[in-house]
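Peer 1: Sharing structure_26.tsv below, TSV, C-alpha atoms and all ligand atoms:
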chain	number	residue	atom	x	y	z
L	159	MET	CA	-126.18	40.07	-25.10
L	160	ARG	CA	-125.21	36.44	-25.54
L	161	THR	CA	-122.72	34.80	-27.83
L	162	ILE	CA	-124.03	32.16	-30.23
L	163	THR	CA	-121.73	29.75	-32.05
L	164	LEU	CA	-122.87	29.13	-35.61
L	165	ALA	CA	-122.48	25.86	-37.51
L	166	ASN	CA	-119.57	27.35	-39.47
L	167	GLY	CA	-117.71	28.10	-36.23
L	168	ASN	CA	-118.31	31.87	-36.33
L	169	THR	CA	-119.94	33.54	-33.37
L	170	VAL	CA	-122.53	36.30	-33.20
L	171	GLU	CA	-123.58	38.51	-30.30
L	172	VAL	CA	-127.33	38.89	-29.99
L	173	ASP	CA	-130.03	39.58	-27.40
L	174	CYS	CA	-132.40	37.11	-29.02
L	175	LEU	CA	-131.22	34.87	-31.85
L	176	SER	CA	-134.76	34.40	-33.17
L	177	CYS	CA	-135.25	38.18	-33.42
L	178	ALA	CA	-131.86	38.53	-35.11
L	179	LEU	CA	-132.73	35.85	-37.68
L	180	THR	CA	-136.32	36.84	-38.43
L	181	SER	CA	-135.37	40.51	-38.78
L	182	GLY	CA	-132.47	39.70	-41.10
L	183	LYS	CA	-129.82	41.04	-38.69
L	184	VAL	CA	-128.17	37.63	-38.75
L	185	GLU	CA	-128.25	35.80	-42.06
L	186	PRO	CA	-128.77	32.06	-41.57
L	187	GLU	CA	-126.56	29.86	-43.71
L	188	GLY	CA	-128.31	29.35	-47.04
L	189	GLY	CA	-130.70	32.24	-46.40
L	190	VAL	CA	-134.40	32.23	-45.67
L	191	ILE	CA	-136.04	28.95	-46.67
L	192	ALA	CA	-139.55	30.37	-46.63
L	193	GLU	CA	-141.63	32.85	-44.70
L	194	THR	CA	-145.19	33.83	-44.04
L	195	GLU	CA	-146.66	36.96	-42.56
L	196	HIS	CA	-146.00	35.63	-39.04
L	197	PHE	CA	-143.27	32.99	-39.32
L	198	HIS	CA	-139.81	32.50	-40.71
L	199	ALA	CA	-138.13	29.21	-41.66
L	200	HIS	CA	-134.37	28.70	-41.91
L	201	GLN	CA	-131.79	25.96	-41.62
L	202	ASP	CA	-130.67	25.58	-38.03
L	203	VAL	CA	-127.62	27.80	-37.55
L	204	ALA	CA	-125.86	25.66	-34.95
L	205	TYR	CA	-126.16	22.07	-36.14
L	206	PRO	CA	-125.28	20.97	-39.68
L	207	ILE	CA	-128.00	18.42	-40.37
L	208	ARG	CA	-129.59	18.33	-43.81
L	209	GLY	CA	-133.23	19.37	-43.66
L	210	LEU	CA	-133.12	20.55	-40.03
L	211	VAL	CA	-135.54	23.46	-40.26
L	212	ILE	CA	-136.25	26.02	-37.58
L	213	VAL	CA	-139.58	27.81	-37.70
L	214	ALA	CA	-139.50	31.01	-35.65
L	215	SER	CA	-142.27	33.46	-35.01
L	216	LYS	CA	-141.68	37.02	-36.12
L	217	ARG	CA	-143.02	38.33	-32.82
L	218	HIS	CA	-140.89	38.11	-29.71
L	219	ILE	CA	-143.04	35.73	-27.69
L	220	LYS	CA	-142.25	32.62	-25.65
L	221	GLY	CA	-145.42	30.60	-25.18
L	222	LEU	CA	-147.61	28.75	-27.62
L	223	ASP	CA	-150.61	30.27	-25.86
L	224	GLU	CA	-149.42	33.74	-26.86
L	225	LEU	CA	-150.16	33.07	-30.53
L	226	THR	CA	-153.13	34.93	-31.91
L	227	GLU	CA	-155.77	32.91	-33.70
L	228	GLU	CA	-154.44	34.12	-37.03
L	229	GLU	CA	-150.89	33.09	-36.06
L	230	GLN	CA	-152.12	29.66	-34.95
L	231	HIS	CA	-153.59	28.98	-38.36
L	232	ASP	CA	-150.57	30.37	-40.16
L	233	TYR	CA	-148.27	28.23	-37.96
L	234	ILE	CA	-149.88	24.85	-38.55
L	235	THR	CA	-150.34	25.50	-42.27
L	236	PHE	CA	-146.71	26.58	-42.63
L	237	ILE	CA	-145.28	23.65	-40.67
L	238	THR	CA	-147.38	21.21	-42.65
L	239	LYS	CA	-146.09	22.68	-45.92
L	240	ILE	CA	-142.48	22.40	-44.73
L	241	ARG	CA	-143.01	18.84	-43.51
L	242	LYS	CA	-144.44	17.88	-46.90
L	243	ALA	CA	-141.43	19.45	-48.64
L	244	GLN	CA	-139.01	17.58	-46.35
L	245	ARG	CA	-140.71	14.35	-47.38
L	246	GLU	CA	-141.03	15.10	-51.08
L	247	VAL	CA	-137.70	16.68	-51.95
L	248	LEU	CA	-135.41	15.30	-49.23
L	249	GLY	CA	-137.03	11.89	-48.71
L	250	ILE	CA	-137.33	12.45	-44.96
L	251	GLU	CA	-139.61	9.79	-43.57
L	252	HIS	CA	-139.73	10.86	-39.93
L	253	VAL	CA	-139.30	14.17	-38.14
L	254	TYR	CA	-138.95	14.98	-34.45
L	255	TYR	CA	-140.50	18.25	-33.40
L	256	PHE	CA	-138.95	20.04	-30.50
L	257	TYR	CA	-140.05	23.25	-28.90
L	258	ASN	CA	-139.33	24.59	-25.43
L	259	GLU	CA	-140.74	27.70	-23.86
L	260	ASP	CA	-137.93	28.40	-21.38
L	261	THR	CA	-135.50	29.18	-24.17
L	262	THR	CA	-133.21	32.18	-24.32
L	263	HIS	CA	-134.39	32.81	-27.88
L	264	HIS	CA	-137.99	33.43	-28.65
L	265	PHE	CA	-140.64	31.06	-30.00
L	266	HIS	CA	-139.12	28.57	-32.43
L	267	LEU	CA	-139.85	25.01	-33.44
L	268	TRP	CA	-137.15	22.54	-34.39
L	269	MET	CA	-138.07	20.15	-37.17
L	270	VAL	CA	-135.36	17.52	-36.78
L	271	PRO	CA	-135.23	14.88	-39.51
L	272	ARG	CA	-134.39	11.35	-38.52
L	273	TYR	CA	-131.65	9.61	-40.48
L	274	ASP	CA	-130.51	6.02	-40.06
L	275	TRP	CA	-127.22	7.00	-38.36
L	276	MET	CA	-129.18	8.69	-35.56
L	277	TYR	CA	-130.65	5.46	-34.22
L	278	GLU	CA	-127.35	4.45	-32.67
L	279	PHE	CA	-128.09	7.25	-30.18
L	280	GLY	CA	-131.47	5.74	-29.36
L	281	ARG	CA	-134.99	6.75	-30.13
L	282	SER	CA	-137.25	9.44	-28.80
L	283	VAL	CA	-136.32	12.64	-27.05
L	284	GLU	CA	-133.22	11.39	-25.19
L	285	SER	CA	-131.42	10.84	-28.48
L	286	VAL	CA	-131.86	14.39	-29.77
L	287	ARG	CA	-129.05	16.13	-27.88
L	288	PRO	CA	-126.38	13.48	-28.61
L	289	VAL	CA	-127.44	13.48	-32.27
L	290	LEU	CA	-127.09	17.26	-32.52
L	291	LEU	CA	-123.71	17.25	-30.80
L	292	HIS	CA	-122.50	14.40	-32.98
L	293	ALA	CA	-123.46	16.37	-36.09
L	294	ARG	CA	-121.73	19.49	-34.82
L	295	ASN	CA	-118.56	17.70	-33.71
L	296	ASN	CA	-118.30	15.89	-37.03
L	297	GLY	CA	-119.00	19.00	-39.05
L	298	GLY	CA	-121.84	17.34	-40.94
L	299	ASP	CA	-121.82	17.21	-44.70
L	300	HIS	CA	-121.75	20.87	-45.61
L	301	ALA	CA	-122.52	20.40	-49.30
L	302	LYS	CA	-125.49	18.15	-48.49
L	303	VAL	CA	-126.83	20.64	-45.95
L	304	LEU	CA	-126.63	23.48	-48.48
L	305	GLU	CA	-128.23	21.35	-51.16
L	306	GLY	CA	-131.05	20.53	-48.74
L	307	ILE	CA	-131.64	24.24	-48.10
L	308	ARG	CA	-131.70	24.95	-51.85
L	309	LEU	CA	-134.19	22.16	-52.56
L	310	LEU	CA	-136.52	23.17	-49.73
L	311	THR	CA	-136.32	26.85	-50.65
L	312	LYS	CA	-137.15	26.07	-54.26
L	313	VAL	CA	-140.19	23.88	-53.59
L	314	LEU	CA	-141.55	26.12	-50.83
L	315	ASN	CA	-141.43	29.23	-52.97
L	316	GLU	CA	-142.90	27.87	-56.18
L	401	ZN	ZN	-136.92	37.61	-30.00
Output the structure of this file as structure tokens.
Peer 2:
Amino acid sequence: MRTITLANGNTVEVDCLSCALTSGKVEPEGGVIAETEHFHAHQDVAYPIRGLVIVASKRHIKGLDELTEEEQHDYITFITKIRKAQREVLGIEHVYYFYNEDTTHHFHLWMVPRYDWMYEFGRSVESVRPVLLHARNNGGDHAKVLEGIRLLTKVLNE
């Protein structure tokens, strides 16, 4: 078991956060944004950034090369749909995609929107961690984050 600190300051004890979220054991703030047969999309639970979507597989796997052919197709189609929604309803012009295989949780992709304030932390991958920590330490704009979840959920489930 490991302890995970959520964006609202609460902690949860889980073996694998991705399993807990995709199975519904842990409810992400704002609920499920969208799901397919093989994947589950939710607002990131640790960092309050509007439009920061996590796409987790429903199977407990670690590597991209563990995806079946059907999952591969489902994955790229799903991510593309979410990316389009981020652009259309949240006006997000650029997204950073981050995915690491040596994670303690299982397979999940971060879709991190870029906002103007983030550029003071630099560009490219080195800016991601400071940006996330800045958002967490400043609490983010809770109402805006929730509104972002609502807008994405609506357009992705029409
Ligand atoms: Zn898992």
Peer 1: Considering only C-alpha atoms, return as a VMD selection string whatever protein or nucleic-acid residues lie within 12 Å of Ala301 (chain L), sequence-local ones (same chain, fewer than 6 positions apart) excluded.
Peer 2: chain L and resid 187 to 188 206 to 208 307 to 308
Peer 1: Within 9 Å of Phe197 (chain L), counting all atoms listed in the file, which residues qualify if same-chain residues fewer than 4 places away don't, as a PyMOL selection string?
Peer 2: chain L and resi 180+192-193+213-217+229+232-233+236
Peer 1: Please find the residues contacting ligand ZN 401 (chain L) at a distance of at most 6 Å between atoms, with all atoms listed in the file counted, and report them as a PyMOL selection string.
Peer 2: chain L and resi 174+176-177+218+263-264
Peer 1: From the options L:Asn258, L:Asn168, L:Ser181, L:Thr226, which residue's atoms come nearest to Ala199 (chain L), counting only C-alpha atoms?
Peer 2: L:Ser181
Peer 1: Would you compute the distance between CA of Glu171 (chain L) and CA of Val303 (chain L)? Give it in Å to one decimal.
Peer 2: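 Separating CA of Glu171 (chain L) from CA of Val303 (chain L) is a distance of 24.0 Å.
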Peer 1: Show me, as a ChimeraX atom specification, the residues that have an atom within 12 Å of Leu175 (chain L) when counting all atoms listed in the file, minus same-chain residues fewer than 4 positions from it.
Peer 2: /L:159-164,169-171,179-186,202-204,212,214-216,218,261-266
Peer 1: What gap, in Å, lies between CA of Leu210 (chain L) and CA of His196 (chain L)?
Peer 2: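 Taking CA of Leu210 (chain L) as the start and CA of His196 (chain L) as the end point, the length is 19.9 Å.
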Peer 1: Figure out the distance between CA of Ala178 (chain L) and CA of His300 (chain L), please, to one decimal in Å.
Peer 2: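 Between CA of His300 (chain L) and CA of Ala178 (chain L) the gap is 22.9 Å.
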Peer 1: With a distance cut-off of 12 Å and only C-alpha atoms, select the neighbouring residues of Thr311 (chain L), excluding the residue or stretch itself and same-chain residues fewer than 3 positions from it, and output the selection as a PDB file with C-alpha atoms, in the coordinates of the input.
Peer 2:
ATOM      1  CA  GLY L 188    -128.310  29.350 -47.040  1.00  0.00           C
ATOM      2  CA  GLY L 189    -130.700  32.240 -46.400  1.00  0.00           C
ATOM      3  CA  VAL L 190    -134.400  32.230 -45.670  1.00  0.00           C
ATOM      4  CA  ILE L 191    -136.040  28.950 -46.670  1.00  0.00           C
ATOM      5  CA  ALA L 192    -139.550  30.370 -46.630  1.00  0.00           C
ATOM      6  CA  GLU L 193    -141.630  32.850 -44.700  1.00  0.00           C
ATOM      7  CA  HIS L 198    -139.810  32.500 -40.710  1.00  0.00           C
ATOM      8  CA  ALA L 199    -138.130  29.210 -41.660  1.00  0.00           C
ATOM      9  CA  HIS L 200    -134.370  28.700 -41.910  1.00  0.00           C
ATOM     10  CA  GLN L 201    -131.790  25.960 -41.620  1.00  0.00           C
ATOM     11  CA  GLY L 209    -133.230  19.370 -43.660  1.00  0.00           C
ATOM     12  CA  VAL L 211    -135.540  23.460 -40.260  1.00  0.00           C
ATOM     13  CA  LYS L 239    -146.090  22.680 -45.920  1.00  0.00           C
ATOM     14  CA  ILE L 240    -142.480  22.400 -44.730  1.00  0.00           C
ATOM     15  CA  ALA L 243    -141.430  19.450 -48.640  1.00  0.00           C
ATOM     16  CA  GLN L 244    -139.010  17.580 -46.350  1.00  0.00           C
ATOM     17  CA  VAL L 247    -137.700  16.680 -51.950  1.00  0.00           C
ATOM     18  CA  LEU L 248    -135.410  15.300 -49.230  1.00  0.00           C
ATOM     19  CA  LEU L 304    -126.630  23.480 -48.480  1.00  0.00           C
ATOM     20  CA  GLU L 305    -128.230  21.350 -51.160  1.00  0.00           C
ATOM     21  CA  GLY L 306    -131.050  20.530 -48.740  1.00  0.00           C
ATOM     22  CA  ILE L 307    -131.640  24.240 -48.100  1.00  0.00           C
ATOM     23  CA  ARG L 308    -131.700  24.950 -51.850  1.00  0.00           C
ATOM     24  CA  LEU L 314    -141.550  26.120 -50.830  1.00  0.00           C
ATOM     25  CA  ASN L 315    -141.430  29.230 -52.970  1.00  0.00           C
ATOM     26  CA  GLU L 316    -142.900  27.870 -56.180  1.00  0.00           C
TER      27      GLU L 316
END
